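For reference, structure-v3.tsv (TSV, C-alpha atoms):
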chain	number	residue	atom	x	y	z
P	206	MET	CA	33.04	-18.01	-58.49
P	207	ASP	CA	36.58	-17.16	-59.61
P	208	THR	CA	37.77	-13.56	-59.36
P	209	THR	CA	40.07	-12.00	-61.92
P	210	VAL	CA	42.72	-9.59	-60.55
P	211	ALA	CA	44.14	-6.99	-62.94
P	212	LYS	CA	47.93	-6.71	-63.05
P	213	THR	CA	49.43	-3.22	-63.16
P	214	GLY	CA	53.08	-4.15	-63.45
P	215	THR	CA	53.99	-2.28	-60.25
P	216	GLU	CA	53.53	-5.12	-57.80
P	217	GLY	CA	56.34	-5.18	-55.25
P	218	LYS	CA	57.71	-1.80	-56.39
P	219	THR	CA	55.60	0.59	-54.33
P	220	TRP	CA	55.32	1.18	-50.60
P	221	GLY	CA	52.65	-1.15	-49.28
P	222	GLY	CA	52.07	0.61	-45.94
P	223	GLY	CA	54.93	-0.93	-43.96
P	224	ASN	CA	56.76	0.83	-41.16
P	225	ARG	CA	59.91	1.71	-43.15
P	226	PRO	CA	58.93	3.87	-46.14
P	227	LEU	CA	61.92	4.63	-48.35
P	228	ASN	CA	63.82	2.20	-46.12
P	229	ALA	CA	64.16	4.93	-43.47
P	230	SER	CA	63.40	4.67	-39.78
P	231	TYR	CA	60.55	6.64	-38.25
P	232	GLY	CA	62.91	9.10	-36.54
P	233	LYS	CA	64.92	9.79	-39.68
P	234	LEU	CA	61.77	10.22	-41.76
P	235	MET	CA	60.38	12.73	-39.26
P	236	MET	CA	63.66	14.66	-39.42
P	237	TRP	CA	63.30	14.86	-43.21
P	238	PHE	CA	59.71	16.12	-42.82
P	239	PHE	CA	60.95	18.84	-40.46
P	240	ILE	CA	63.79	19.82	-42.80
P	241	VAL	CA	61.42	20.14	-45.77
P	242	SER	CA	58.94	22.30	-43.83
P	243	ASP	CA	61.72	24.47	-42.40
P	244	ALA	CA	63.25	24.85	-45.85
P	245	LEU	CA	59.93	26.25	-47.08
P	246	THR	CA	59.95	28.75	-44.20
P	247	PHE	CA	63.46	29.97	-45.00
P	248	SER	CA	62.55	30.12	-48.69
P	249	GLY	CA	59.68	32.46	-47.86
P	250	PHE	CA	61.94	34.74	-45.82
P	251	ILE	CA	64.61	34.91	-48.50
P	252	ALA	CA	62.00	35.50	-51.21
P	253	ALA	CA	60.55	38.38	-49.18
P	254	TYR	CA	64.04	39.82	-48.82
P	255	GLY	CA	64.56	39.54	-52.57
P	256	PHE	CA	61.28	41.29	-53.41
P	257	SER	CA	62.01	44.12	-50.95
P	258	ARG	CA	65.52	44.60	-52.25
P	259	PHE	CA	64.27	44.67	-55.83
P	260	LYS	CA	61.70	47.31	-54.92
P	261	PHE	CA	64.28	49.56	-53.21
P	262	VAL	CA	67.29	48.57	-55.32
P	263	ASP	CA	68.28	52.22	-55.83
P	264	ALA	CA	68.69	52.78	-52.06
P	265	TRP	CA	69.77	49.39	-50.70
P	266	PRO	CA	72.97	49.44	-48.58
P	267	ILE	CA	76.12	47.92	-50.06
P	268	ALA	CA	77.25	44.95	-47.95
P	269	ASP	CA	80.95	45.71	-48.55
P	270	GLU	CA	80.46	49.06	-46.81
P	271	VAL	CA	78.46	47.64	-43.91
P	272	PHE	CA	80.25	44.45	-42.87
P	273	THR	CA	83.83	45.69	-42.74
P	274	HIS	CA	84.71	44.79	-39.17
P	275	VAL	CA	87.13	42.22	-37.79
P	276	PRO	CA	87.54	41.67	-34.02
P	277	PHE	CA	90.60	43.40	-32.53
P	278	LEU	CA	91.24	45.20	-35.85
P	279	HIS	CA	88.99	48.22	-35.50
P	280	GLY	CA	89.53	50.82	-38.18
P	281	VAL	CA	91.09	48.34	-40.61
P	282	PRO	CA	89.01	48.12	-43.82
P	283	ALA	CA	88.38	44.41	-44.34
P	284	PRO	CA	85.04	44.07	-46.15
P	285	MET	CA	83.36	40.69	-45.71
P	286	TYR	CA	86.52	39.04	-44.30
P	287	TYR	CA	84.98	38.09	-40.98
P	288	VAL	CA	81.73	36.93	-42.58
P	289	ALA	CA	83.82	34.71	-44.89
P	290	PHE	CA	85.62	33.34	-41.83
P	291	MET	CA	82.28	32.52	-40.17
P	292	THR	CA	81.13	30.75	-43.31
P	293	PHE	CA	84.32	28.69	-43.48
P	294	ILE	CA	83.98	27.64	-39.83
P	295	LEU	CA	80.36	26.52	-40.32
P	296	ILE	CA	81.16	24.55	-43.48
P	297	PHE	CA	84.16	22.94	-41.77
P	298	SER	CA	81.88	21.87	-38.91
P	299	SER	CA	79.67	20.17	-41.49
P	300	VAL	CA	82.70	18.18	-42.66
P	301	THR	CA	83.46	17.02	-39.12
P	302	MET	CA	79.81	16.02	-38.72
P	303	VAL	CA	80.07	13.85	-41.86
P	304	LEU	CA	83.13	12.18	-40.38
P	305	ALA	CA	81.26	11.61	-37.09
P	306	VAL	CA	78.38	9.93	-38.92
P	307	ASP	CA	80.80	7.76	-40.89
P	308	ALA	CA	82.62	6.75	-37.71
P	309	GLY	CA	79.26	5.90	-36.14
P	310	HIS	CA	78.45	3.55	-39.00
P	311	LYS	CA	81.72	1.78	-38.24
P	312	MET	CA	80.98	1.73	-34.48
P	313	GLN	CA	84.13	3.74	-33.72
P	314	GLN	CA	83.15	5.51	-30.52
P	315	ARG	CA	86.40	7.43	-29.96
P	316	LYS	CA	86.33	8.96	-33.44
P	317	VAL	CA	82.67	9.92	-33.06
P	318	ILE	CA	83.55	11.71	-29.81
P	319	TRP	CA	86.36	13.73	-31.38
P	320	TYR	CA	84.49	14.66	-34.57
P	321	MET	CA	81.38	15.71	-32.67
P	322	PHE	CA	83.55	17.75	-30.31
P	323	PHE	CA	85.02	19.66	-33.27
P	324	THR	CA	81.52	20.14	-34.69
P	325	ILE	CA	80.30	21.65	-31.43
P	326	ILE	CA	83.31	23.98	-31.23
P	327	GLY	CA	82.72	25.15	-34.81
P	328	GLY	CA	79.04	25.84	-34.12
P	329	ALA	CA	79.86	27.72	-30.91
P	330	ILE	CA	82.41	29.89	-32.76
P	331	PHE	CA	79.83	30.69	-35.43
P	332	VAL	CA	77.12	31.65	-32.90
P	333	GLY	CA	79.59	33.79	-30.95
P	334	SER	CA	80.77	35.47	-34.15
P	335	GLN	CA	77.20	36.21	-35.17
P	336	ALA	CA	76.50	37.75	-31.76
P	337	TRP	CA	79.58	39.96	-32.17
P	338	GLU	CA	78.46	40.94	-35.67
P	339	TRP	CA	75.04	41.88	-34.34
P	340	ALA	CA	76.56	44.03	-31.60
P	341	THR	CA	78.80	45.81	-34.11
P	342	PHE	CA	75.93	46.34	-36.53
P	343	ILE	CA	73.72	47.78	-33.76
P	344	LYS	CA	76.43	50.10	-32.46
P	345	GLY	CA	77.53	51.45	-35.83
P	346	ASP	CA	80.72	53.25	-36.76
P	347	TYR	CA	80.02	56.61	-38.34
P	348	GLY	CA	76.52	57.73	-37.52
P	349	ALA	CA	74.22	59.58	-39.91
P	350	VAL	CA	71.37	62.06	-40.10
P	351	GLU	CA	67.84	60.98	-40.96
P	352	THR	CA	65.68	63.38	-42.93
P	353	LYS	CA	62.04	64.24	-42.37
P	354	GLY	CA	61.18	61.76	-45.09
P	355	GLY	CA	63.09	58.93	-43.41
P	356	LYS	CA	66.09	59.03	-45.76
P	357	ILE	CA	69.69	58.66	-44.56
P	358	LEU	CA	72.41	61.28	-45.04
P	359	GLN	CA	76.03	60.21	-44.51
P	360	PHE	CA	79.10	62.42	-44.33
P	361	LEU	CA	82.26	62.47	-46.44
P	362	ASP	CA	85.41	64.58	-46.48
P	363	ALA	CA	86.83	66.31	-49.55
P	364	ASP	CA	88.65	63.10	-50.53
P	365	GLY	CA	85.44	61.07	-50.55
P	366	LYS	CA	86.16	59.14	-47.34
P	367	ARG	CA	83.48	58.50	-44.71
P	368	VAL	CA	83.60	60.78	-41.68
P	369	ALA	CA	82.11	59.88	-38.31
P	370	ILE	CA	79.82	62.45	-36.74
P	371	ALA	CA	81.95	62.25	-33.58
P	372	ASP	CA	84.85	63.78	-35.53
P	373	PHE	CA	83.17	67.11	-36.31
P	374	THR	CA	80.24	67.52	-33.89
P	375	GLU	CA	80.26	70.67	-31.75
P	376	LYS	CA	79.15	70.27	-28.17
P	377	LEU	CA	76.22	72.54	-27.29
P	378	PRO	CA	74.74	73.16	-23.82
P	379	THR	CA	71.36	71.48	-23.42
P	380	THR	CA	68.88	70.85	-20.62
P	381	ARG	CA	69.71	67.15	-20.93
P	382	ASP	CA	72.93	67.86	-19.01
P	383	ILE	CA	70.82	69.06	-16.06
P	384	HIS	CA	67.84	66.70	-16.13
P	385	VAL	CA	69.71	63.54	-15.24
P	386	GLU	CA	68.81	60.90	-12.70
P	387	GLN	CA	71.18	61.95	-9.95
P	388	ASN	CA	69.96	65.57	-9.96
P	389	GLY	CA	66.36	65.18	-8.87
P	390	ILE	CA	63.33	63.04	-8.26
P	391	TRP	CA	61.61	64.50	-11.35
P	392	TYR	CA	63.81	62.31	-13.52
P	393	GLU	CA	61.85	59.89	-15.70
P	394	ALA	CA	63.27	57.05	-17.74
P	395	GLU	CA	63.23	57.56	-21.50
P	396	PRO	CA	64.21	55.61	-24.62
P	397	THR	CA	67.89	55.39	-25.45
P	398	VAL	CA	69.12	58.65	-26.93
P	399	THR	CA	71.98	59.21	-29.36
P	400	THR	CA	75.36	60.45	-28.22
P	401	TYR	CA	74.93	63.72	-30.08
P	402	SER	CA	71.87	65.78	-30.89
P	403	TYR	CA	70.90	66.87	-34.37
P	404	GLU	CA	71.67	70.51	-33.52
P	405	GLU	CA	75.20	69.57	-32.46
P	406	VAL	CA	75.81	67.64	-35.66
P	407	LYS	CA	74.38	70.47	-37.76
P	408	ALA	CA	76.57	73.05	-36.04
P	409	GLY	CA	79.69	70.96	-36.57
P	410	PHE	CA	78.84	70.31	-40.21
P	411	LEU	CA	78.32	74.01	-40.96
P	412	ALA	CA	81.62	74.85	-39.28
P	413	ASN	CA	83.62	72.40	-41.44
P	414	GLU	CA	83.78	73.57	-45.04
P	415	ASN	CA	85.35	70.34	-46.35
P	416	LEU	CA	82.41	68.11	-45.38
P	417	LEU	CA	79.89	66.82	-47.91
P	418	VAL	CA	76.67	64.82	-47.70
P	419	ARG	CA	76.16	61.46	-49.37
P	420	THR	CA	72.60	60.23	-49.88
P	421	GLN	CA	71.40	56.64	-49.82
P	422	TYR	CA	70.38	56.77	-53.49
P	423	TYR	CA	72.67	55.62	-56.30
P	424	ASP	CA	73.76	57.55	-59.39
P	425	GLU	CA	73.95	56.19	-62.94
P	426	ASN	CA	77.27	54.49	-62.10
P	427	GLY	CA	75.82	52.55	-59.19
P	428	HIS	CA	77.48	54.66	-56.48
P	429	PRO	CA	75.74	56.61	-53.70
P	430	THR	CA	75.04	60.17	-54.80
P	431	VAL	CA	77.38	62.80	-53.31
P	432	LEU	CA	76.01	66.35	-53.10
P	433	THR	CA	77.99	69.53	-53.60
P	434	ARG	CA	78.80	71.67	-50.58
P	435	GLU	CA	75.92	74.05	-51.32
P	436	GLU	CA	73.49	71.17	-51.84
P	437	SER	CA	74.79	69.48	-48.68
P	438	VAL	CA	74.23	72.55	-46.55
P	439	ALA	CA	70.71	73.02	-47.94
P	440	LYS	CA	69.91	69.34	-47.36
P	441	ILE	CA	71.03	69.45	-43.73
P	442	MET	CA	69.32	72.76	-42.99
P	443	ASN	CA	66.00	71.99	-44.67
P	444	ASP	CA	65.53	68.23	-44.43
P	445	GLY	CA	67.56	67.08	-41.43
P	446	LYS	CA	65.58	65.72	-38.51
P	447	LEU	CA	67.49	63.44	-36.14
P	448	VAL	CA	70.75	61.62	-35.58
P	449	VAL	CA	71.01	57.88	-36.18
P	450	GLU	CA	73.76	55.74	-34.68
P	451	GLY	CA	73.97	52.11	-35.78
P	452	ALA	CA	70.84	50.17	-36.65
P	453	ASN	CA	67.70	48.91	-34.99
P	454	LEU	CA	64.19	47.97	-36.11
P	455	ARG	CA	63.23	51.62	-36.70
P	456	HIS	CA	66.35	53.43	-37.87
P	457	ASN	CA	69.39	52.38	-39.86
P	458	GLU	CA	72.48	54.52	-40.41
P	459	TYR	CA	73.56	52.28	-43.32
P	460	GLY	CA	70.52	53.06	-45.50
P	461	HIS	CA	67.00	51.73	-45.92
P	462	PRO	CA	65.51	50.49	-42.59
P	463	LEU	CA	64.20	47.29	-44.24
P	464	PHE	CA	67.80	46.20	-44.65
P	465	ALA	CA	68.24	46.13	-40.87
P	466	ASP	CA	64.86	44.46	-40.35
P	467	PHE	CA	65.73	41.59	-42.69
P	468	PHE	CA	69.26	41.34	-41.29
P	469	PHE	CA	68.03	40.88	-37.73
P	470	PHE	CA	65.17	38.57	-38.68
P	471	ILE	CA	66.88	36.25	-41.17
P	472	THR	CA	70.31	35.97	-39.54
P	473	GLY	CA	68.67	35.81	-36.11
P	474	PHE	CA	66.32	33.01	-37.17
P	475	HIS	CA	69.23	31.10	-38.66
P	476	GLY	CA	71.38	31.78	-35.60
P	477	PHE	CA	68.62	30.33	-33.42
P	478	HIS	CA	68.76	27.17	-35.53
P	479	VAL	CA	72.52	26.94	-35.15
P	480	LEU	CA	72.31	27.51	-31.39
P	481	THR	CA	69.64	24.80	-31.14
P	482	GLY	CA	71.87	22.48	-33.18
P	483	VAL	CA	74.81	23.12	-30.86
P	484	LEU	CA	72.69	22.28	-27.81
P	485	ILE	CA	71.34	19.09	-29.42
P	486	ASN	CA	74.85	18.10	-30.47
P	487	CYS	CA	76.01	18.59	-26.88
P	488	ILE	CA	73.31	16.18	-25.65
P	489	VAL	CA	74.18	13.60	-28.30
P	490	PHE	CA	77.89	14.08	-27.59
P	491	PHE	CA	77.30	13.34	-23.91
P	492	ASN	CA	75.41	10.17	-24.83
P	493	VAL	CA	78.25	9.09	-27.10
P	494	VAL	CA	80.76	9.61	-24.30
P	495	ILE	CA	78.82	7.48	-21.81
P	496	GLY	CA	78.33	4.75	-24.42
P	497	THR	CA	74.56	4.95	-24.89
P	498	TYR	CA	74.70	4.25	-28.61
P	499	GLU	CA	77.33	1.55	-28.20
P	500	ARG	CA	74.91	-0.35	-26.03
P	501	ARG	CA	72.11	0.19	-28.53
P	502	GLY	CA	74.33	-1.06	-31.30
P	503	SER	CA	73.49	1.90	-33.53
P	504	TYR	CA	74.60	5.52	-33.94
P	505	GLU	CA	71.49	6.54	-35.84
P	506	MET	CA	70.90	9.47	-33.48
P	507	VAL	CA	74.21	10.95	-34.64
P	508	GLU	CA	73.02	10.58	-38.21
P	509	LYS	CA	69.71	12.32	-37.47
P	510	VAL	CA	71.32	15.33	-35.81
P	511	GLY	CA	73.79	15.30	-38.69
P	512	LEU	CA	70.92	15.81	-41.13
P	513	TYR	CA	69.77	18.83	-39.15
P	514	TRP	CA	73.30	20.23	-38.96
P	515	HIS	CA	73.84	19.90	-42.71
P	516	PHE	CA	70.51	21.66	-43.25
P	517	VAL	CA	71.46	24.75	-41.21
P	518	ASP	CA	74.82	24.83	-42.99
P	519	LEU	CA	73.09	24.72	-46.38
P	520	VAL	CA	70.67	27.47	-45.35
P	521	TRP	CA	73.59	29.68	-44.38
P	522	VAL	CA	75.10	29.23	-47.85
P	523	PHE	CA	71.92	30.73	-49.32
P	524	VAL	CA	71.73	33.49	-46.68
P	525	PHE	CA	75.40	34.34	-47.24
P	526	THR	CA	74.95	34.41	-51.00
P	527	PHE	CA	71.78	36.48	-51.22
P	528	PHE	CA	72.32	38.76	-48.21
P	529	TYR	CA	76.05	39.43	-48.33
P	530	LEU	CA	77.29	38.72	-51.87
P	531	VAL	CA	74.54	39.54	-54.36

Would you give me this structure, written as structure tokens?
Amino acid sequence: MDTTVAKTGTEGKTWGGGNRPLNASYGKLMMWFFIVSDALTFSGFIAAYGFSRFKFVDAWPIADEVFTHVPFLHGVPAPMYYVAFMTFILIFSSVTMVLAVDAGHKMQQRKVIWYMFFTIIGGAIFVGSQAWEWATFIKGDYGAVETKGGKILQFLDADGKRVAIADFTEKLPTTRDIHVEQNGIWYEAEPTVTTYSYEEVKAGFLANENLLVRTQYYDENGHPTVLTREESVAKIMNDGKLVVEGANLRHNEYGHPLFADFFFFITGFHGFHVLTGVLINCIVFFNVVIGTYERRGSYEMVEKVGLYWHFVDLVWVFVFTFFYLV
């Protein structure tokens, strides 16, 4: 008996279960699967950051006042300059990776070596710069006082310029000067303490009539609210609790503690990706040098790590935009 087969008009146009869907090799397809899943992870992190910032928009730190440091130029106000430099280096390394992939398609081993070398150097500079930025962020510049309600109080002079607590603190005798490790076996290790105590900062603030307090909340013009001298004194006396220097996962001298939490988590997660990419690039670079891919007759491995490298570069563009610029 004859069988009638219905025609759908799509014969020969869809994937029939072969081993090269979308004309991509298995390794390249798996790299795309990883990139898509990792992109969803980063999207979740950035969305969480956006929701948290929207909720505390009236107390969120201003990036231009936080990321003002440049190596070897301490004290020079250069907001976002070094972050912009890091971004340029990472994007430039993506360009050299494109050139390495193109040279691989043309089986030009020497060019692949040089372009991958420049890519690795760019990635290493970025990771090192991010480590320096972390260290600077953790250390802090000015210091602040945290209130009993967990709010941050910063200090200004009469001209509206930030003042570091080290510039006005009065040294007071405390038992901490006696109970140190070298003075007795009763010494017990304790969490890291700040350079100055709250009482020392309070005494120095009360002794300097030209100092004012700036809160973490913004006024109607979008600027942090500056209290009068009388209000500043009352705020320090009644609400002050402890001294905060720099930022960690519990305290943040720049403002809301969630800002520091997201900074460490998002930039750290991305930095881990970049560091991983640098290590993988080093392995592939070594294989290029010894001619592994020349003997295989294909530089597809360079192309696969190139996909990963472009992905981490693209993620940084979003992190840079939403975390530093917006």

Seminar exercise, completed: Closest of P:Ile325, P:Val306, P:Ile343, P:Leu358 to Gly445 (chain P), counting all atoms listed in the file, is P:Leu358

Exercise. Using all atoms listed in the file, which of the listed residues (P:Tyr422, P:Phe290, P:Phe516, P:Tyr504) sits closest to Gly327 (chain P)?
Worked result: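 Going through P:Tyr422, P:Phe290, P:Phe516, P:Tyr504 one by one, the smallest distance to Gly327 (chain P) is for P:Phe290.
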
For this session: Show which residues sit within 9 Å of region 318-324 of chain P, as a list of chain:residue names. Count only C-alpha atoms, and ignore same-chain residues fewer than 4 positions away.
Result: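 Here the answer would be P:Leu295, P:Phe297, P:Ser298, P:Ser299, P:Val300, P:Thr301, P:Met302, P:Val303, P:Leu304, P:Ala305, P:Val306, P:Ala308, P:Gln313, P:Gln314, P:Gly328, P:Ala329, P:Val483, P:Asn486, P:Cys487, P:Val489, P:Phe490, P:Phe491, P:Val493, P:Val494, P:Val507.
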
Any chance you can output those residues with C-alpha atoms as a CSV table (one decimal), keeping the file's coordinate frame?
chain,number,residue,atom,x,y,z
P,295,LEU,CA,80.4,26.5,-40.3
P,297,PHE,CA,84.2,22.9,-41.8
P,298,SER,CA,81.9,21.9,-38.9
P,299,SER,CA,79.7,20.2,-41.5
P,300,VAL,CA,82.7,18.2,-42.7
P,301,THR,CA,83.5,17.0,-39.1
P,302,MET,CA,79.8,16.0,-38.7
P,303,VAL,CA,80.1,13.8,-41.9
P,304,LEU,CA,83.1,12.2,-40.4
P,305,ALA,CA,81.3,11.6,-37.1
P,306,VAL,CA,78.4,9.9,-38.9
P,308,ALA,CA,82.6,6.8,-37.7
P,313,GLN,CA,84.1,3.7,-33.7
P,314,GLN,CA,83.2,5.5,-30.5
P,328,GLY,CA,79.0,25.8,-34.1
P,329,ALA,CA,79.9,27.7,-30.9
P,483,VAL,CA,74.8,23.1,-30.9
P,486,ASN,CA,74.8,18.1,-30.5
P,487,CYS,CA,76.0,18.6,-26.9
P,489,VAL,CA,74.2,13.6,-28.3
P,490,PHE,CA,77.9,14.1,-27.6
P,491,PHE,CA,77.3,13.3,-23.9
P,493,VAL,CA,78.2,9.1,-27.1
P,494,VAL,CA,80.8,9.6,-24.3
P,507,VAL,CA,74.2,11.0,-34.6

For this session: Within 9 Å of region 230-239 of chain P, counting all atoms listed in the file, which residues show up once you throw out same-chain ones fewer than 5 positions away? Write them as an NGL selection string, please.
Result: :P and (224-225 or 244 or 505-506 or 508-510 or 512-513)

Problem set entry | Near-region 374-377 of chain P list (10 Å; only C-alpha atoms; drop same-chain fewer than 5 positions) as JSON, numbers by chain | {"P": [369, 401, 402, 403, 404, 405, 406, 407, 408, 409, 410, 411, 412, 413]}

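Nearest residue to Asn426 (chain P) among P:Leu519, P:Leu245, P:Asp263, P:Ala336 is P:Asp263, counting all atoms listed in the file.
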
Problem set entry | Å distance separating CA of Thr400 (chain P) from CA of Gly348 (chain P), one decimal place |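 Computing the Euclidean distance for CA of Thr400 (chain P) and CA of Gly348 (chain P) yields 9.8 Å.
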
Exercise. CA of Pro276 (chain P) and CA of Lys366 (chain P) are how many Å apart?
Worked result: 22.0 Å

Seminar exercise, completed: Restricting to all atoms listed in the file, whichever of P:Gly365, P:Ile471, P:Arg455, P:Pro282 is closest to Gly249 (chain P) is P:Ile471
